[in-house]
Amino acid sequence: KLLECWESREPESSFRRSRHLVSALALWLFNPYTATISCRGSSDSISSLCLMLMLLRVQARKYGSAGFWFGLAVHIRIFPIIYVLPLLLHLGHPPERRLSIQKGTMKMKMLTSLLSRTTVVFFLSAACTCIGLCAVFYKTDGQRYLDEAIMYHFGRFDLAHNFSPWFFIFRIVGDIRVRRLLGLAAFLPQLVCCVYYGLVRRSSLPFKLFMVTLSFVTLNKVVTAQYFAWYLVLLPLVYRELTITPALKKSALLWVLSQLNWLFWAYLYEFERIENVLALVFFSSVVFLISNIYCMLQIDKAYSLSRADSV
């Protein structure tokens, strides 16, 4: 139902619409990544469900209940907080101005629209839900809850090998204070991408959320396979908005191959106990980062081509 809500601007035949719908659903339902992640005890599928329900309620203009599902998603997994900027832009502007803030002026009129009744209802509902749940758990577990559920993410640095090259940098730097500073500095490129794709880039709401998530995960200081589910759940919503070019297919293939390359060296290091391949694990992490950035750029370009074709 959510897929059918965000219709393409171009009219389509029922056959083509049905084909797109089936293809988009297959990206999630028959995806080996999401199938594996969803059955191993991770809560990411629950937070993904909350976000899908939020989008469904936003499309139905039920902003109070949409805010509830957004607040619940943030409480379960804190990462959806990165959606505040694109949601603020989307909810604070009438439909004809929701695609971008590039056109028009960013003066008092825009600031006033951001404080519209729609925006206030949504974020008040979200804040009450999230803060209310946090208060309940704080009363149960005290400061331990705040430290492990919220504060932990800001000063976090992970020395265990993962898809992010940051793990090797944190290993080299011995001073804990420097590690924490580097961990905070790692948020800067993520913030830049969130602002660009969330506010500046001209796009639909699903595409904004998808690109904000993809860039956030790509540049995160810790990256594991379960994080892929954060943006893969949004992929069916933007699939119809992309022009599938040869470069896009190649970038998707490189994304998979770079993971297999990393997993090979990581297996030798972790399970075969071959210590001298750690540098190759780091190199593979760098390759994976580059492949993610290339894929991200190709998706952005494919969306631009699709929008140009629909004009």
# chains A, B, ... in the order shown; residues from 1 in each chain; ligands from 1
$ residues_around --residues "A:Leu72" --least-positions-apart "4" --cutoff "8 Å" --atoms "only C-alpha atoms" --output "PyMOL selection string"
chain A and resi 47+50+68+76+126+129-130
$ write_last_selection --atoms "all heavy atoms" --output "PDB file, in the first residue's frame"
ATOM      1  N   SER A  47      12.235  -1.446  13.937  1.00  0.00           N
ATOM      2  CA  SER A  47      12.352  -0.001  13.709  1.00  0.00           C
ATOM      3  C   SER A  47      12.010   0.337  12.263  1.00  0.00           C
ATOM      4  O   SER A  47      11.406   1.377  11.985  1.00  0.00           O
ATOM      5  CB  SER A  47      13.765   0.485  14.053  1.00  0.00           C
ATOM      6  OG  SER A  47      14.741  -0.175  13.280  1.00  0.00           O
ATOM      7  N   CYS A  50       8.300   0.492  11.971  1.00  0.00           N
ATOM      8  CA  CYS A  50       7.801   1.761  12.530  1.00  0.00           C
ATOM      9  C   CYS A  50       7.962   2.898  11.531  1.00  0.00           C
ATOM     10  O   CYS A  50       7.064   3.743  11.385  1.00  0.00           O
ATOM     11  CB  CYS A  50       8.548   2.095  13.830  1.00  0.00           C
ATOM     12  SG  CYS A  50       8.200   0.987  15.201  1.00  0.00           S
ATOM     13  N   PHE A  68       3.824   9.499  16.337  1.00  0.00           N
ATOM     14  CA  PHE A  68       3.949   8.413  17.307  1.00  0.00           C
ATOM     15  C   PHE A  68       4.892   7.335  16.800  1.00  0.00           C
ATOM     16  O   PHE A  68       5.797   6.882  17.518  1.00  0.00           O
ATOM     17  CB  PHE A  68       2.574   7.801  17.605  1.00  0.00           C
ATOM     18  CG  PHE A  68       2.647   6.473  18.311  1.00  0.00           C
ATOM     19  CD1 PHE A  68       2.878   6.414  19.675  1.00  0.00           C
ATOM     20  CD2 PHE A  68       2.497   5.285  17.598  1.00  0.00           C
ATOM     21  CE1 PHE A  68       2.969   5.183  20.324  1.00  0.00           C
ATOM     22  CE2 PHE A  68       2.573   4.058  18.235  1.00  0.00           C
ATOM     23  CZ  PHE A  68       2.811   4.015  19.610  1.00  0.00           C
ATOM     24  N   ILE A  76      13.539   2.930  19.706  1.00  0.00           N
ATOM     25  CA  ILE A  76      14.060   1.575  19.494  1.00  0.00           C
ATOM     26  C   ILE A  76      15.482   1.614  18.955  1.00  0.00           C
ATOM     27  O   ILE A  76      16.365   0.904  19.431  1.00  0.00           O
ATOM     28  CB  ILE A  76      13.145   0.798  18.535  1.00  0.00           C
ATOM     29  CG1 ILE A  76      11.763   0.587  19.178  1.00  0.00           C
ATOM     30  CG2 ILE A  76      13.760  -0.559  18.175  1.00  0.00           C
ATOM     31  CD1 ILE A  76      10.742  -0.033  18.240  1.00  0.00           C
ATOM     32  N   ALA A 126       5.858  12.961  18.270  1.00  0.00           N
ATOM     33  CA  ALA A 126       7.087  12.167  18.269  1.00  0.00           C
ATOM     34  C   ALA A 126       7.879  12.383  19.558  1.00  0.00           C
ATOM     35  O   ALA A 126       8.377  11.429  20.167  1.00  0.00           O
ATOM     36  CB  ALA A 126       7.944  12.533  17.061  1.00  0.00           C
ATOM     37  N   THR A 129       6.189  10.733  22.575  1.00  0.00           N
ATOM     38  CA  THR A 129       6.346   9.278  22.532  1.00  0.00           C
ATOM     39  C   THR A 129       7.749   8.868  22.940  1.00  0.00           C
ATOM     40  O   THR A 129       7.936   8.011  23.822  1.00  0.00           O
ATOM     41  CB  THR A 129       6.052   8.748  21.123  1.00  0.00           C
ATOM     42  OG1 THR A 129       4.724   9.111  20.738  1.00  0.00           O
ATOM     43  CG2 THR A 129       6.205   7.229  21.074  1.00  0.00           C
ATOM     44  N   CYS A 130       8.757   9.481  22.313  1.00  0.00           N
ATOM     45  CA  CYS A 130      10.140   9.096  22.574  1.00  0.00           C
ATOM     46  C   CYS A 130      10.565   9.452  23.996  1.00  0.00           C
ATOM     47  O   CYS A 130      11.129   8.619  24.721  1.00  0.00           O
ATOM     48  CB  CYS A 130      11.059   9.770  21.554  1.00  0.00           C
ATOM     49  SG  CYS A 130      12.778   9.228  21.661  1.00  0.00           S
TER      50      CYS A 130
END
$ residues_around --residues "A:Glu270" --least-positions-apart "5" --cutoff "12 Å" --atoms "only C-alpha atoms" --output "VMD selection string"
chain A and resid 160 to 162 262 to 265 275 to 278 281
$ residues_around --residues "A:Trp28" --least-positions-apart "3" --cutoff "10 Å" --atoms "only C-alpha atoms" --output "JSON list (two decimals) with N, CA and C atoms, in the first residue's frame"
[["chain", "number", "residue", "atom", "x", "y", "z"],
["A", 23, "SER", "N", 8.63, -5.82, -8.59],
["A", 23, "SER", "CA", 10.09, -5.69, -8.54],
["A", 23, "SER", "C", 10.53, -4.97, -7.27],
["A", 24, "ALA", "N", 9.80, -3.92, -6.92],
["A", 24, "ALA", "CA", 10.16, -3.16, -5.73],
["A", 24, "ALA", "C", 10.00, -3.99, -4.47],
["A", 25, "LEU", "N", 8.90, -4.72, -4.38],
["A", 25, "LEU", "CA", 8.67, -5.57, -3.21],
["A", 25, "LEU", "C", 9.73, -6.67, -3.11],
["A", 31, "ASN", "N", 15.41, -10.36, -0.56],
["A", 31, "ASN", "CA", 16.78, -9.89, -0.45],
["A", 31, "ASN", "C", 17.51, -10.73, 0.59],
["A", 32, "PRO", "N", 18.62, -11.37, 0.23],
["A", 32, "PRO", "CA", 19.33, -12.22, 1.21],
["A", 32, "PRO", "C", 19.84, -11.43, 2.42],
["A", 33, "TYR", "N", 20.17, -10.16, 2.23],
["A", 33, "TYR", "CA", 20.63, -9.36, 3.35],
["A", 33, "TYR", "C", 19.53, -9.19, 4.39],
["A", 34, "THR", "N", 18.38, -8.73, 3.94],
["A", 34, "THR", "CA", 17.28, -8.47, 4.88],
["A", 34, "THR", "C", 16.74, -9.76, 5.46],
["A", 35, "ALA", "N", 16.74, -10.84, 4.68],
["A", 35, "ALA", "CA", 16.26, -12.13, 5.20],
["A", 35, "ALA", "C", 17.15, -12.61, 6.33],
["A", 229, "ALA", "N", 20.18, -2.87, 6.42],
["A", 229, "ALA", "CA", 18.71, -2.94, 6.44],
["A", 229, "ALA", "C", 18.09, -1.56, 6.63],
["A", 232, "LEU", "N", 18.00, -0.39, 2.97],
["A", 232, "LEU", "CA", 17.39, -1.33, 2.04],
["A", 232, "LEU", "C", 15.87, -1.35, 2.16],
["A", 233, "VAL", "N", 15.34, -1.07, 3.36],
["A", 233, "VAL", "CA", 13.89, -1.03, 3.53],
["A", 233, "VAL", "C", 13.27, 0.13, 2.76],
["A", 234, "LEU", "N", 14.05, 1.17, 2.50],
["A", 234, "LEU", "CA", 13.56, 2.34, 1.76],
["A", 234, "LEU", "C", 13.77, 2.20, 0.25],
["A", 235, "LEU", "N", 14.61, 1.24, -0.15],
["A", 235, "LEU", "CA", 14.91, 1.08, -1.57],
["A", 235, "LEU", "C", 13.67, 0.81, -2.44],
["A", 236, "PRO", "N", 12.72, -0.03, -2.00],
["A", 236, "PRO", "CA", 11.52, -0.23, -2.83],
["A", 236, "PRO", "C", 10.74, 1.05, -3.10]]
$ select_by_dssp --residues "stretch 114-267 of chain A" --states "alpha helix (DSSP H)" --output "PyMOL selection string"
chain A and resi 114+117-141+143-149+166-172+176-185+187-195+205-218+228-232+235-238+246-267
$ residues_around --residues "A:Val287" --least-positions-apart "4" --cutoff "7 Å" --atoms "only C-alpha atoms" --output "JSON, numbers by chain"
{"A": [258, 283, 291]}
$ atom_distance --atom1 "atom CA of A:Ser125" --atom2 "atom CA of A:Phe210"
23.1 Å
$ closest_atom_pairs --of "stretch 202-244 of chain A" --to "stretch 185-190 of chain A" --cutoff "9 Å" --atoms "only C-alpha atoms" --output "JSON lines"
{"residue": "A:Val212", "atom": "CA", "partner": "A:Gln190", "partner_atom": "CA", "distance": 8.6}
{"residue": "A:Ser215", "atom": "CA", "partner": "A:Gln190", "partner_atom": "CA", "distance": 6.8}
{"residue": "A:Phe216", "atom": "CA", "partner": "A:Gln190", "partner_atom": "CA", "distance": 5.3}
{"residue": "A:Val217", "atom": "CA", "partner": "A:Gln190", "partner_atom": "CA", "distance": 8.5}
{"residue": "A:Thr218", "atom": "CA", "partner": "A:Gln190", "partner_atom": "CA", "distance": 8.7}
{"residue": "A:Leu219", "atom": "CA", "partner": "A:Gln190", "partner_atom": "CA", "distance": 6.1}
{"residue": "A:Asn220", "atom": "CA", "partner": "A:Ala186", "partner_atom": "CA", "distance": 7.2}
{"residue": "A:Lys221", "atom": "CA", "partner": "A:Ala186", "partner_atom": "CA", "distance": 6.4}
$ write_last_selection --atoms "N, CA, C and O atoms" --output "tab-separated table (two decimals), in the first residue's frame"
chain	number	residue	atom	x	y	z
A	212	VAL	N	19.88	10.03	2.78
A	212	VAL	CA	20.39	10.41	4.11
A	212	VAL	C	20.86	9.17	4.85
A	212	VAL	O	21.93	9.16	5.47
A	215	SER	N	24.09	7.55	3.04
A	215	SER	CA	25.31	8.32	3.30
A	215	SER	C	25.72	8.21	4.77
A	215	SER	O	26.91	8.14	5.09
A	216	PHE	N	24.74	8.18	5.68
A	216	PHE	CA	25.04	8.06	7.11
A	216	PHE	C	25.71	6.73	7.41
A	216	PHE	O	26.72	6.68	8.12
A	217	VAL	N	25.18	5.64	6.86
A	217	VAL	CA	25.76	4.32	7.09
A	217	VAL	C	27.13	4.21	6.43
A	217	VAL	O	28.08	3.69	7.01
A	218	THR	N	27.25	4.72	5.20
A	218	THR	CA	28.51	4.65	4.47
A	218	THR	C	29.65	5.31	5.23
A	218	THR	O	30.76	4.78	5.28
A	219	LEU	N	29.37	6.45	5.84
A	219	LEU	CA	30.40	7.24	6.51
A	219	LEU	C	30.46	7.01	8.01
A	219	LEU	O	31.21	7.70	8.71
A	220	ASN	N	29.69	6.06	8.50
A	220	ASN	CA	29.66	5.82	9.95
A	220	ASN	C	30.99	5.25	10.43
A	220	ASN	O	31.70	4.58	9.70
A	221	LYS	N	31.31	5.50	11.70
A	221	LYS	CA	32.58	5.02	12.26
A	221	LYS	C	32.52	3.54	12.60
A	221	LYS	O	33.57	2.93	12.85
$ atom_distance --atom1 "atom CA of A:Ser48" --atom2 "atom CA of A:His75"
12.3 Å
$ closest_residue --among "A:Arg202, A:Lys62, A:Arg273, A:Lys301" --to "A:Thr243" --atoms "only C-alpha atoms"
A:Lys301
$ closest_residue --among "A:His20, A:Leu124, A:Leu27, A:Leu88" --to "A:Glu241" --atoms "only C-alpha atoms"
A:His20
$ closest_residue --among "A:Arg201, A:Leu51, A:Leu209, A:Ala302" --to "A:Arg240" --atoms "only C-alpha atoms"
A:Ala302
$ closest_residue --among "A:Ser251, A:Ser285, A:Leu184, A:Ile82" --to "A:Ala266" --atoms "only C-alpha atoms"
A:Ser285
$ atom_distance --atom1 "atom CA of A:Thr224" --atom2 "atom CA of A:Phe163"
6.1 Å
